[in-house]
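Okay, coords-v9.cif now, which holds mmCIF, C-alpha atoms:
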```cif
data_run
#
loop_
_atom_site.label_atom_id
_atom_site.label_comp_id
_atom_site.auth_asym_id
_atom_site.auth_seq_id
_atom_site.Cartn_x
_atom_site.Cartn_y
_atom_site.Cartn_z
CA MET U 1 -22.05 111.46 -33.04
CA LYS U 2 -21.57 110.74 -29.33
CA THR U 3 -23.34 107.39 -29.66
CA ARG U 4 -21.22 106.39 -32.65
CA SER U 5 -18.00 107.24 -30.79
CA ALA U 6 -19.16 105.31 -27.77
CA ARG U 7 -19.99 102.26 -29.94
CA LEU U 8 -16.58 102.49 -31.62
CA LEU U 9 -14.85 102.63 -28.24
CA ILE U 10 -16.84 99.62 -27.00
CA THR U 11 -16.01 97.68 -30.18
CA ILE U 12 -12.28 98.44 -29.88
CA THR U 13 -12.27 97.54 -26.18
CA THR U 14 -14.12 94.27 -26.86
CA LEU U 15 -11.73 93.38 -29.68
CA ALA U 16 -8.69 94.13 -27.51
CA TRP U 17 -10.17 92.05 -24.68
CA GLY U 18 -10.75 89.10 -27.03
CA LEU U 19 -7.26 89.31 -28.50
CA SER U 20 -5.57 89.38 -25.11
CA GLY U 21 -5.99 85.58 -24.81
CA VAL U 22 -4.61 85.08 -28.33
CA ALA U 23 -1.51 87.11 -27.54
CA GLN U 24 -0.62 84.68 -24.79
CA THR U 25 -0.19 81.86 -27.30
CA SER U 26 2.49 83.69 -29.26
CA ALA U 27 6.09 82.49 -29.41
CA GLU U 28 7.20 85.12 -26.89
CA VAL U 29 6.50 83.95 -23.37
CA PRO U 30 6.98 86.40 -20.53
CA PRO U 31 8.50 85.08 -17.32
CA GLN U 32 6.19 84.48 -14.40
CA GLN U 33 5.41 87.46 -12.21
CA ASP U 34 8.25 86.56 -9.86
CA GLY U 35 10.77 86.53 -12.72
CA ARG U 36 11.28 82.77 -13.01
CA ARG U 37 11.38 81.12 -16.39
CA ILE U 38 8.91 78.43 -17.46
CA GLN U 39 9.62 74.97 -18.88
CA ASN U 40 6.98 72.66 -20.33
CA VAL U 41 7.35 69.17 -18.92
CA GLN U 42 6.13 65.89 -20.37
CA PRO U 43 3.14 64.48 -18.45
CA GLU U 44 5.01 61.25 -17.68
CA GLY U 45 7.80 63.26 -16.07
CA MET U 46 5.39 65.23 -13.90
CA TRP U 47 3.65 62.07 -12.67
CA THR U 48 7.01 60.81 -11.36
CA ARG U 49 7.29 64.01 -9.28
CA VAL U 50 3.81 63.83 -7.69
CA ASP U 51 3.98 63.66 -3.88
CA LYS U 52 0.37 64.56 -3.15
CA CYS U 53 -2.52 64.16 -5.59
CA VAL U 54 -5.93 65.49 -4.56
CA LEU U 55 -9.26 64.75 -6.27
CA PRO U 56 -12.22 67.08 -5.92
CA ILE U 57 -15.59 66.08 -4.53
CA TYR U 58 -18.18 66.01 -7.30
CA PRO U 59 -20.33 69.13 -6.73
CA ALA U 60 -23.76 67.95 -5.54
CA GLN U 61 -25.67 70.40 -7.72
CA ALA U 62 -23.70 69.35 -10.80
CA LEU U 63 -24.37 65.69 -10.03
CA LEU U 64 -28.09 66.35 -9.58
CA ALA U 65 -28.15 68.32 -12.84
CA ARG U 66 -26.26 65.46 -14.53
CA VAL U 67 -23.42 67.76 -15.52
CA SER U 68 -20.26 65.87 -16.40
CA GLY U 69 -17.13 66.62 -18.38
CA THR U 70 -13.46 67.50 -18.19
CA VAL U 71 -11.95 70.59 -16.62
CA SER U 72 -8.59 71.55 -18.16
CA ILE U 73 -6.21 73.50 -15.93
CA GLY U 74 -2.80 74.86 -16.86
CA LEU U 75 -0.35 74.42 -13.97
CA CYS U 76 2.97 76.06 -13.20
CA VAL U 77 4.79 74.13 -10.49
CA SER U 78 7.49 76.02 -8.59
CA PRO U 79 11.01 74.56 -8.39
CA GLN U 80 10.22 73.76 -4.74
CA GLY U 81 7.22 71.60 -5.76
CA GLY U 82 4.17 73.72 -4.92
CA VAL U 83 1.52 74.84 -7.39
CA ALA U 84 2.80 78.37 -8.01
CA ASN U 85 0.29 79.36 -10.64
CA TYR U 86 -2.73 77.86 -12.35
CA ARG U 87 -5.19 78.88 -15.04
CA LEU U 88 -8.57 77.48 -16.02
CA LEU U 89 -8.35 76.59 -19.72
CA ALA U 90 -11.70 74.86 -20.28
CA GLY U 91 -14.51 73.26 -18.35
CA HIS U 92 -18.10 73.60 -17.16
CA THR U 93 -18.72 76.43 -14.70
CA MET U 94 -20.38 74.06 -12.22
CA LEU U 95 -17.33 71.75 -12.17
CA ALA U 96 -14.40 74.19 -12.45
CA PRO U 97 -14.37 75.56 -8.86
CA ALA U 98 -14.11 72.07 -7.34
CA ALA U 99 -11.35 71.07 -9.77
CA LEU U 100 -9.35 74.26 -9.11
CA ALA U 101 -9.66 73.85 -5.33
CA ALA U 102 -8.27 70.31 -5.56
CA ILE U 103 -5.41 71.19 -7.92
CA LYS U 104 -4.20 73.94 -5.57
CA GLU U 105 -3.56 71.22 -2.97
CA TRP U 106 -1.21 69.16 -5.17
CA LYS U 107 2.45 68.82 -4.16
CA PHE U 108 5.40 67.74 -6.31
CA GLN U 109 8.99 66.77 -5.64
CA PRO U 110 11.41 69.68 -6.14
CA ALA U 111 12.72 70.17 -9.67
CA GLU U 112 16.29 70.34 -10.85
CA GLY U 113 16.99 73.91 -11.92
CA PRO U 114 15.30 77.26 -11.34
CA ALA U 115 12.53 77.03 -13.97
CA CYS U 116 8.87 76.52 -13.12
CA SER U 117 7.46 73.32 -14.64
CA ARG U 118 4.31 73.64 -16.72
CA VAL U 119 1.80 70.91 -17.53
CA ARG U 120 -1.97 70.56 -17.90
CA ALA U 121 -4.21 68.78 -15.39
CA LEU U 122 -7.38 67.24 -16.78
CA VAL U 123 -9.98 66.58 -14.08
CA THR U 124 -12.81 64.43 -15.43
CA PHE U 125 -16.18 64.35 -13.69
CA LYS U 126 -17.89 61.17 -14.89
CA PRO U 127 -21.68 60.65 -15.21
CA ASP U 128 -21.53 57.89 -12.57
CA GLY U 129 -20.37 60.43 -9.95
CA THR U 130 -16.70 59.48 -9.90
CA VAL U 131 -13.76 61.78 -10.60
CA ALA U 132 -10.48 60.97 -12.37
CA VAL U 133 -7.39 62.99 -13.16
CA ALA U 134 -4.82 62.89 -15.95
CA LEU U 135 -1.92 65.08 -17.00
CA ALA U 136 -1.30 66.40 -20.51
CA HIS U 137 1.22 68.52 -22.36
CA ALA U 138 1.11 72.27 -21.76
CA VAL U 139 -0.76 74.49 -24.20
CA LEU U 140 1.49 77.57 -24.22
CA PRO U 141 5.13 77.79 -25.39
CA ASP U 142 7.93 77.84 -22.83
CA HIS U 143 11.26 79.67 -22.57
CA PHE U 144 13.29 76.70 -23.81
CA GLY U 145 11.85 76.23 -27.30
CA ASP U 146 8.89 73.92 -26.65
CA PRO U 147 5.97 75.39 -28.63
CA GLY U 148 3.24 73.84 -26.50
CA ILE U 149 0.03 72.66 -28.15
CA PRO U 150 -1.64 75.68 -29.76
CA ASN U 151 -5.38 75.41 -30.38
CA PHE U 152 -5.57 72.10 -28.49
CA GLN U 153 -8.56 69.80 -28.72
CA PRO U 154 -8.88 68.00 -25.36
CA VAL U 155 -10.79 65.04 -26.85
CA ASN U 156 -8.19 64.37 -29.58
CA ASP U 157 -5.15 65.20 -27.48
CA THR U 158 -2.71 62.28 -27.72
CA THR U 159 -0.52 63.60 -24.90
CA ILE U 160 -2.99 62.70 -22.14
CA VAL U 161 -1.41 60.45 -19.52
CA ALA U 162 -3.59 58.82 -16.87
CA GLN U 163 -2.27 58.38 -13.36
CA PRO U 164 0.29 55.55 -13.36
CA ILE U 165 -0.05 52.73 -10.83
CA SER U 166 3.35 53.68 -9.40
CA VAL U 167 1.97 57.03 -8.15
CA PRO U 168 0.29 56.98 -4.73
CA ALA U 169 -3.52 57.07 -4.89
CA CYS U 170 -5.09 60.49 -4.98
CA GLU U 171 -6.78 61.73 -1.83
CA THR U 172 -10.21 63.31 -1.88
CA ILE U 173 -10.23 66.99 -1.02
CA SER U 174 -11.32 67.58 2.57
CA GLN U 175 -13.78 70.37 1.75
CA PRO U 176 -16.07 70.76 -1.27
#
```

Would you write the structure of this file as structure tokens?
Amino acid sequence: MKTRSARLLITITTLAWGLSGVAQTSAEVPPQQDGRRIQNVQPEGMWTRVDKCVLPIYPAQALLARVSGTVSIGLCVSPQGGVANYRLLAGHTMLAPAALAAIKEWKFQPAEGPACSRVRALVTFKPDGTVAVALAHAVLPDHFGDPGIPNFQPVNDTTIVAQPISVPACETISQP
């Protein structure tokens, strides 16, 4: 009886853990931890606000193992222009740490209004050893009625916007 109860508790806990990510895609979006509201921003609009773009260094072990692919990161940019919050949405475990370290260094021009701006950064590690970055529409809904892109498919996502020529070239992160 004890074993059955323990298995039931583990099953319920596992189910609750798995559903916690689903609950975040519902229509109700809590404010950020500091109480600010969130607004999804079109990728084109965020590119116009980029002051500092940083690319990661391709991790040597990933390059040697011929690991390539895209790391998708959800960003919340503070009204002052710093990366206030970020979340890994998808990507290979060998590539994600480098991409996250670079994204934390990004700087944007201040926004109009008190809401945090949300967008997705797509950092692509190419088989030839180069790295590129693009911005895409946010996945989660915001406080102003934008539903986001639920159940997104990064390969088929038509909202991906590569870095425009008008934006200064991205720097390479100083440390791997």

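Reported to one decimal place, the separation of atom CA of Gln109 of chain U from atom CA of Arg49 of chain U is 4.9 Å.
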
(message) Once the PyMOL selection byres ((chain U and resi 58-70) around 12) has been evaluated on this model, what residues remain selected, and can you format them as a ChimeraX atom specification?
(response) /U:55-57,71-73,88-99,101-102,120-135,153-155,172-173,175-176

How would the residues just picked look written out with C-alpha atoms as a CSV table (one decimal), keeping the file's coordinate frame?
```csv
chain,number,residue,atom,x,y,z
U,55,LEU,CA,-9.3,64.8,-6.3
U,56,PRO,CA,-12.2,67.1,-5.9
U,57,ILE,CA,-15.6,66.1,-4.5
U,71,VAL,CA,-12.0,70.6,-16.6
U,72,SER,CA,-8.6,71.6,-18.2
U,73,ILE,CA,-6.2,73.5,-15.9
U,88,LEU,CA,-8.6,77.5,-16.0
U,89,LEU,CA,-8.4,76.6,-19.7
U,90,ALA,CA,-11.7,74.9,-20.3
U,91,GLY,CA,-14.5,73.3,-18.4
U,92,HIS,CA,-18.1,73.6,-17.2
U,93,THR,CA,-18.7,76.4,-14.7
U,94,MET,CA,-20.4,74.1,-12.2
U,95,LEU,CA,-17.3,71.8,-12.2
U,96,ALA,CA,-14.4,74.2,-12.4
U,97,PRO,CA,-14.4,75.6,-8.9
U,98,ALA,CA,-14.1,72.1,-7.3
U,99,ALA,CA,-11.4,71.1,-9.8
U,101,ALA,CA,-9.7,73.8,-5.3
U,102,ALA,CA,-8.3,70.3,-5.6
U,120,ARG,CA,-2.0,70.6,-17.9
U,121,ALA,CA,-4.2,68.8,-15.4
U,122,LEU,CA,-7.4,67.2,-16.8
U,123,VAL,CA,-10.0,66.6,-14.1
U,124,THR,CA,-12.8,64.4,-15.4
U,125,PHE,CA,-16.2,64.4,-13.7
U,126,LYS,CA,-17.9,61.2,-14.9
U,127,PRO,CA,-21.7,60.6,-15.2
U,128,ASP,CA,-21.5,57.9,-12.6
U,129,GLY,CA,-20.4,60.4,-10.0
U,130,THR,CA,-16.7,59.5,-9.9
U,131,VAL,CA,-13.8,61.8,-10.6
U,132,ALA,CA,-10.5,61.0,-12.4
U,133,VAL,CA,-7.4,63.0,-13.2
U,134,ALA,CA,-4.8,62.9,-16.0
U,135,LEU,CA,-1.9,65.1,-17.0
U,153,GLN,CA,-8.6,69.8,-28.7
U,154,PRO,CA,-8.9,68.0,-25.4
U,155,VAL,CA,-10.8,65.0,-26.8
U,172,THR,CA,-10.2,63.3,-1.9
U,173,ILE,CA,-10.2,67.0,-1.0
U,175,GLN,CA,-13.8,70.4,1.8
U,176,PRO,CA,-16.1,70.8,-1.3
```

(request) Determine, counting all atoms listed in the file, which protein, DNA and RNA residues have an atom within 10 Å of an atom of Val119 of chain U; residues of the same chain fewer than 2 positions away are not included. Present the result as a list in words. (result) Gln39, Asn40, Val41, Gln42, Pro43, Gly45, Met46, Ile73, Gly74, Leu75, Cys76, Val77, Tyr86, Ser117, Ala121, Leu122, Leu135, Ala136, His137, Ala138, Val139, Leu140 and Gly148 of chain U

(message) If I take atom CA of His143 of chain U and atom CA of Arg118 of chain U, how far is one from the other in Å, to one decimal?
(response) 10.9 Å

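The gap separating atom CA of Asp146 of chain U from atom CA of Val161 of chain U is 18.4 Å, in Å to one decimal.
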